[in-house]
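The file query06.txt comes next; it holds compact mmCIF, C-alpha atoms.
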```
# COMPACT_ATOMS: atom_id res chain seq x y z
CA MET L 125 -30.41 49.54 -3.40
CA GLN L 126 -32.38 46.56 -2.11
CA THR L 127 -31.07 44.43 -4.98
CA HIS L 128 -27.50 45.43 -4.19
CA MET L 129 -28.04 44.65 -0.51
CA ALA L 130 -29.48 41.22 -1.36
CA VAL L 131 -26.49 40.44 -3.56
CA PHE L 132 -24.12 41.61 -0.83
CA LEU L 133 -25.85 39.42 1.80
CA LEU L 134 -25.75 36.44 -0.59
CA TYR L 135 -22.03 37.03 -1.12
CA LEU L 136 -21.50 37.03 2.64
CA LYS L 137 -23.39 33.74 2.95
CA LEU L 138 -21.31 32.19 0.16
CA ALA L 139 -18.15 33.48 1.79
CA ASP L 140 -19.23 31.93 5.08
CA CYS L 141 -19.85 28.63 3.28
CA ARG L 142 -16.40 28.73 1.74
CA ILE L 143 -14.85 29.43 5.13
CA VAL L 144 -16.79 26.56 6.70
CA LEU L 145 -15.76 24.20 3.87
CA VAL L 146 -12.11 25.18 4.24
CA LEU L 147 -12.28 24.65 7.99
CA LEU L 148 -13.95 21.27 7.56
CA PHE L 149 -11.39 20.23 4.95
CA ASN L 150 -8.55 21.24 7.25
CA LEU L 151 -10.11 19.27 10.10
CA VAL L 152 -10.45 16.16 7.95
CA VAL L 153 -6.87 16.41 6.69
CA LYS L 154 -5.62 16.94 10.23
CA ALA L 155 -7.58 13.92 11.45
CA ILE L 156 -6.18 11.69 8.70
CA MET L 157 -2.65 12.90 9.33
CA ASN L 158 -3.13 12.03 13.01
CA VAL L 159 -4.64 8.60 12.41
CA ARG L 160 -4.26 6.24 15.35
CA PHE L 161 -4.31 2.45 15.52
CA ASP L 162 -4.32 2.03 19.28
CA GLY L 163 -5.64 -1.39 20.28
CA LYS L 164 -5.06 -2.76 16.77
CA ARG L 165 -2.60 -5.48 15.77
CA ALA L 166 -0.92 -5.28 12.36
CA LEU L 167 1.14 -7.64 10.23
CA VAL L 168 3.45 -6.34 7.49
CA THR L 169 5.33 -8.62 5.10
CA GLY L 170 8.50 -7.57 3.32
CA ALA L 171 9.15 -5.45 6.40
CA GLY L 172 12.95 -5.45 6.30
CA LYS L 173 13.52 -2.81 3.65
CA GLY L 174 11.97 -0.01 1.63
CA ILE L 175 8.25 0.62 1.76
CA GLY L 176 7.56 -2.27 4.14
CA ARG L 177 10.07 -1.00 6.68
CA GLU L 178 8.56 2.49 6.63
CA ILE L 179 5.04 1.06 6.99
CA VAL L 180 6.13 -0.81 10.11
CA LYS L 181 7.72 2.27 11.64
CA LYS L 182 4.64 4.38 10.95
CA LEU L 183 2.23 1.77 12.32
CA VAL L 184 4.26 1.56 15.52
CA GLU L 185 4.27 5.35 15.73
CA CYS L 186 0.48 5.33 15.30
CA GLY L 187 -0.03 2.95 18.20
CA ALA L 188 -0.50 -0.44 16.51
CA GLU L 189 1.08 -3.55 17.96
CA THR L 190 3.03 -4.46 14.85
CA ILE L 191 4.41 -7.74 13.57
CA ALA L 192 7.21 -7.41 11.02
CA LEU L 193 7.85 -10.34 8.68
CA SER L 194 11.03 -10.56 6.63
CA ARG L 195 13.31 -13.26 5.28
CA THR L 196 16.46 -11.40 6.41
CA GLN L 197 17.33 -11.62 10.09
CA SER L 198 19.75 -8.69 10.02
CA ASP L 199 17.00 -6.41 8.70
CA LEU L 200 14.67 -7.54 11.48
CA ASP L 201 17.39 -6.99 14.08
CA SER L 202 18.08 -3.42 12.94
CA LEU L 203 14.33 -2.68 12.69
CA LYS L 204 13.84 -4.02 16.22
CA GLN L 205 16.46 -1.55 17.41
CA GLU L 206 14.48 1.30 15.83
CA CYS L 207 11.11 -0.01 17.05
CA PRO L 208 11.67 -2.03 20.24
CA SER L 209 7.97 -2.85 20.62
CA LEU L 210 7.58 -4.66 17.29
CA ILE L 211 7.35 -8.44 16.99
CA PRO L 212 9.78 -9.84 14.39
CA ILE L 213 9.08 -12.99 12.37
CA ARG L 214 11.64 -14.46 10.01
CA CYS L 215 10.09 -16.30 7.07
CA ASP L 216 11.01 -16.79 3.42
CA LEU L 217 7.74 -16.45 1.49
CA ALA L 218 9.21 -18.40 -1.41
CA ASP L 219 8.47 -21.41 0.81
CA THR L 220 4.72 -21.00 1.21
CA ASP L 221 4.46 -24.27 3.15
CA SER L 222 6.38 -22.61 5.99
CA ILE L 223 3.96 -19.70 6.34
CA PRO L 224 1.32 -21.33 8.59
CA ASN L 225 3.99 -22.43 11.06
CA ALA L 226 5.63 -18.99 11.02
CA LEU L 227 2.32 -17.28 11.83
CA LYS L 228 0.86 -19.84 14.25
CA ASP L 229 1.84 -17.88 17.36
CA CYS L 230 1.36 -14.32 16.08
CA GLY L 231 -2.12 -13.98 17.58
CA PRO L 232 -5.09 -12.01 16.21
CA ILE L 233 -4.48 -9.59 13.35
CA ASP L 234 -6.68 -6.58 12.55
CA LEU L 235 -4.59 -5.01 9.79
CA LEU L 236 -2.58 -6.81 7.10
CA VAL L 237 -0.20 -5.35 4.52
CA ASN L 238 0.98 -7.85 1.90
CA ASN L 239 4.03 -5.88 0.84
CA ALA L 240 6.66 -8.52 0.08
CA GLY L 241 7.48 -9.01 -3.58
CA ILE L 242 10.20 -9.63 -6.14
CA ALA L 243 10.80 -8.00 -9.51
CA VAL L 244 12.52 -10.19 -12.11
CA ALA L 245 13.80 -8.38 -15.19
CA ASP L 246 12.94 -10.45 -18.25
CA ILE L 247 11.75 -10.28 -21.83
CA VAL L 248 9.07 -12.34 -23.54
CA LEU L 249 11.41 -14.56 -25.56
CA ASP L 250 13.77 -15.34 -22.66
CA ALA L 251 11.43 -15.60 -19.64
CA LYS L 252 12.30 -18.72 -17.67
CA PRO L 253 9.72 -21.09 -16.12
CA ALA L 254 11.62 -21.03 -12.81
CA ASP L 255 11.36 -17.22 -12.69
CA PHE L 256 7.64 -17.46 -13.45
CA ASP L 257 7.13 -19.89 -10.59
CA LYS L 258 9.09 -17.76 -8.15
CA SER L 259 7.36 -14.53 -9.17
CA MET L 260 3.90 -16.02 -8.86
CA THR L 261 4.74 -17.74 -5.58
CA ILE L 262 6.03 -14.65 -3.78
CA ASN L 263 3.86 -11.99 -5.45
CA VAL L 264 0.56 -13.90 -5.59
CA LYS L 265 0.47 -17.23 -3.77
CA ALA L 266 2.07 -15.96 -0.55
CA PRO L 267 -0.39 -13.04 -0.18
CA ILE L 268 -3.26 -15.48 -0.70
CA VAL L 269 -1.95 -17.92 1.93
CA ILE L 270 -1.30 -15.17 4.46
CA SER L 271 -4.65 -13.51 3.80
CA GLN L 272 -6.43 -16.84 4.28
CA ILE L 273 -4.86 -17.28 7.72
CA VAL L 274 -5.51 -13.69 8.80
CA ALA L 275 -9.04 -13.47 7.36
CA LYS L 276 -10.14 -16.68 9.10
CA GLY L 277 -9.14 -15.13 12.41
CA MET L 278 -10.95 -11.89 11.57
CA ILE L 279 -14.12 -13.84 10.75
CA GLU L 280 -13.93 -15.89 13.96
CA ARG L 281 -13.61 -12.73 16.08
CA GLU L 282 -16.37 -10.95 14.11
CA ASN L 283 -14.44 -7.67 14.32
CA GLY L 284 -13.74 -7.14 10.61
CA GLY L 285 -10.43 -5.78 9.44
CA SER L 286 -8.47 -4.28 6.57
CA ILE L 287 -6.09 -5.90 4.10
CA VAL L 288 -3.88 -3.91 1.72
CA ASN L 289 -1.95 -5.60 -1.09
CA VAL L 290 1.02 -3.72 -2.49
CA SER L 291 0.79 -4.10 -6.26
CA SER L 292 2.35 -1.93 -8.96
CA LYS L 293 1.59 0.55 -11.67
CA LEU L 294 2.82 -2.12 -14.09
CA SER L 295 -0.28 -4.22 -13.40
CA LEU L 296 -2.26 -1.47 -15.12
CA ARG L 297 0.00 -0.72 -18.10
CA GLY L 298 2.63 -2.56 -20.08
CA ARG L 299 6.37 -2.14 -19.89
CA GLN L 300 9.19 -3.88 -21.68
CA ASN L 301 11.49 -6.21 -19.73
CA ARG L 302 8.99 -6.78 -16.92
CA LEU L 303 6.83 -9.60 -18.29
CA LEU L 304 6.60 -11.80 -15.20
CA TYR L 305 6.52 -8.96 -12.66
CA SER L 306 3.69 -7.22 -14.51
CA ALA L 307 1.76 -10.47 -14.88
CA SER L 308 2.10 -11.32 -11.18
CA LYS L 309 0.97 -7.87 -10.07
CA ALA L 310 -2.01 -7.98 -12.44
CA ALA L 311 -2.90 -11.30 -10.82
CA LEU L 312 -2.60 -9.68 -7.38
CA ASP L 313 -5.05 -6.96 -8.46
CA SER L 314 -7.51 -9.65 -9.50
CA VAL L 315 -7.00 -11.43 -6.18
CA THR L 316 -7.71 -8.14 -4.42
CA ARG L 317 -11.03 -7.65 -6.17
CA THR L 318 -12.16 -11.25 -5.59
CA MET L 319 -11.14 -11.17 -1.93
CA SER L 320 -13.09 -7.96 -1.43
CA LEU L 321 -16.25 -9.66 -2.75
CA GLU L 322 -15.92 -12.74 -0.59
CA LEU L 323 -14.69 -11.07 2.60
CA GLY L 324 -16.84 -7.92 2.42
CA PRO L 325 -19.86 -9.58 4.09
CA HIS L 326 -17.60 -10.16 7.10
CA ASN L 327 -16.73 -6.44 7.25
CA ILE L 328 -13.23 -7.13 5.94
CA ARG L 329 -12.06 -4.55 3.43
CA VAL L 330 -9.46 -5.48 0.80
CA ASN L 331 -7.68 -2.95 -1.40
CA ALA L 332 -4.47 -2.63 -3.37
CA VAL L 333 -2.09 0.23 -4.03
CA ASN L 334 -0.31 0.49 -7.38
CA PRO L 335 2.71 2.75 -6.97
CA THR L 336 5.17 3.92 -9.54
CA VAL L 337 8.86 3.73 -8.65
CA ALA L 338 9.35 4.88 -5.06
CA LYS L 339 12.62 6.34 -3.81
CA THR L 340 13.89 3.42 -1.74
CA ASP L 341 17.54 2.50 -1.32
CA MET L 342 16.99 -0.42 -3.68
CA SER L 343 15.36 1.68 -6.41
CA LYS L 344 18.04 4.35 -6.13
CA ALA L 345 20.62 1.76 -7.15
CA VAL L 346 18.49 0.71 -10.14
CA TRP L 347 17.51 4.21 -11.24
CA ASP L 348 20.82 5.96 -10.69
CA ASN L 349 21.15 6.63 -14.43
CA PRO L 350 19.61 10.10 -15.17
CA VAL L 351 18.83 9.17 -18.79
CA LYS L 352 17.01 6.01 -17.74
CA THR L 353 15.16 7.91 -15.02
CA LYS L 354 14.08 10.62 -17.47
CA MET L 355 12.55 8.01 -19.79
CA VAL L 356 10.16 7.02 -16.99
CA THR L 357 9.49 10.36 -15.32
CA SER L 358 8.77 11.97 -18.70
CA VAL L 359 5.50 10.01 -18.92
CA ILE L 360 4.49 10.88 -15.36
CA PRO L 361 2.47 14.13 -15.42
CA LEU L 362 3.90 15.17 -12.04
CA GLY L 363 7.36 14.56 -13.49
CA ARG L 364 8.96 12.57 -10.67
CA PHE L 365 9.08 9.29 -8.77
CA ALA L 366 7.10 8.79 -5.58
CA GLU L 367 8.49 9.42 -2.14
CA VAL L 368 8.17 6.40 0.15
CA SER L 369 6.09 8.50 2.54
CA GLU L 370 3.59 9.19 -0.25
CA VAL L 371 3.00 5.47 -0.70
CA VAL L 372 2.88 4.78 3.04
CA SER L 373 0.31 7.53 3.66
CA VAL L 374 -2.15 5.96 1.20
CA ILE L 375 -1.68 2.54 2.78
CA LEU L 376 -2.32 3.99 6.24
CA PHE L 377 -5.48 5.64 4.93
CA LEU L 378 -6.71 2.31 3.55
CA LEU L 379 -5.96 0.57 6.83
CA SER L 380 -7.80 3.21 8.84
CA ASP L 381 -11.49 3.79 9.47
CA PHE L 382 -11.28 6.92 7.33
CA SER L 383 -11.60 4.56 4.34
CA SER L 384 -14.42 2.50 5.87
CA MET L 385 -16.41 2.48 2.59
CA VAL L 386 -13.42 1.74 0.34
CA SER L 387 -12.98 -1.89 -0.72
CA GLY L 388 -12.07 -3.72 -3.92
CA SER L 389 -10.10 -0.73 -5.19
CA CYS L 390 -6.68 -0.75 -6.87
CA ILE L 391 -5.35 2.75 -6.33
CA PRO L 392 -2.55 4.12 -8.54
CA ILE L 393 0.08 6.18 -6.73
CA ASP L 394 1.80 7.23 -9.90
CA GLY L 395 1.57 10.98 -10.41
CA GLY L 396 -1.08 10.53 -13.09
CA CYS L 397 0.88 8.11 -15.29
CA VAL L 398 -1.89 5.54 -15.73
CA ALA L 399 -4.39 8.31 -16.53
CA ASN L 400 -2.16 9.54 -19.35
CA LEU L 401 -3.52 7.72 -22.42
CA MET L 402 -0.75 9.17 -24.57
CA THR L 403 1.91 7.05 -22.81
```
Could you express the structure from this file as structure tokens?
Amino acid sequence: MQTHMAVFLLYLKLADCRIVLVLLFNLVVKAIMNVRFDGKRALVTGAGKGIGREIVKKLVECGAETIALSRTQSDLDSLKQECPSLIPIRCDLADTDSIPNALKDCGPIDLLVNNAGIAVADIVLDAKPADFDKSMTINVKAPIVISQIVAKGMIERENGGSIVNVSSKLSLRGRQNRLLYSASKAALDSVTRTMSLELGPHNIRVNAVNPTVAKTDMSKAVWDNPVKTKMVTSVIPLGRFAEVSEVVSVILFLLSDFSSMVSGSCIPIDGGCVANLMT
């Protein structure tokens, strides 16, 4: 009888532990879902469309004073209508010499998302030098130039900060017809790791996200063919493309203090595709 009672009491203790763990987990999830950036200033590039646009809207919703950078004035105008408090900056990142002047009056930045990028479809035998230069300029050089400007300000203020580079799943695995895009995103991953080493002592965290195809208006036009879509989703264990909100939520986590010990990481948001060694 005493043995049975001891087992019963142990079961109750374990049950209590499980309940406590569940409650703690729920509290953590709730806290992350309600992340706030009040008093923070954020800069997002490629803010006019797709993932960048949704990042801006979410940052504004979470209390950050947000600067939206895009090359397209009409996109900035419509985004300003949705988020009246944001600060728009028009700048074409293909002209990296114009970046310092575009950012000279934007003030201190605590959070930076290097989201702007281009994807040139090419094959090895036909890749053009001009496309290489443009891909590397927008996808690699521009993030470096912007990060230099922002990081210097962070260091001067001694407040630290967080930088997130939007890379791609294709930096981690090969794919036909994306030679230059894949190469530029692999370079951005390397930049991310090196920046994290050099800026870490200043309490500046640098990470990258590596999403699969996300359901933006632009991608919907490219992936409208069900056969073509099936070829890609068939190698994704979760069997689908990412929702834009699923990419944005990871970026917000990396910008927030909830990820205060995360730096130098390149995080796939790909439904398990990169982990699948059979693909």
Distance of atom CA of Leu203 of chain L from atom CA of Ser306 of chain L, expressed in Å to one decimal place = 29.6 Å
message = What does the structure give for the distance between atom CA of Arg195 of chain L and atom CA of Gly285 of chain L, in Å to one decimal?
response = 25.2 Å
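Each of L:Gly172, L:Gly277, L:Pro361, L:Gly395 was checked against Lys228 of chain L using all atoms listed in the file; the smallest atom-to-atom distance is that of L:Gly277.
What separates atom CA of Pro325 of chain L from atom CA of Ile273 of chain L is a distance of 17.2 Å.
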query = Excluding same-chain residues fewer than 6 positions from segment 236-252 of chain L, what lies within 7 Å of it counting all atoms listed in the file, as a ChimeraX atom specification?
reply = /L:166-170,176,259,262-263,267,286-290,300-305
message = Env of Pro335 of chain L: 7 Å cut, atoms = all atoms listed in the file, seq-sep filter 2 positions within chain, self excluded. Answer as a list of chain:residue names.
response = L:Ser292, L:Lys293, L:Val333, L:Val337, L:Val371, L:Pro392, L:Ile393, L:Asp394
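Counting all atoms listed in the file, the residue from L:Asn349, L:Asn400, L:Asn283, L:Asn158 that sits nearest to His326 of chain L is L:Asn283.
Nearest to Pro208 of chain L of all the residues L:Ile223, L:Leu193, L:Ala254, L:Val180 is L:Val180, counting all atoms listed in the file.
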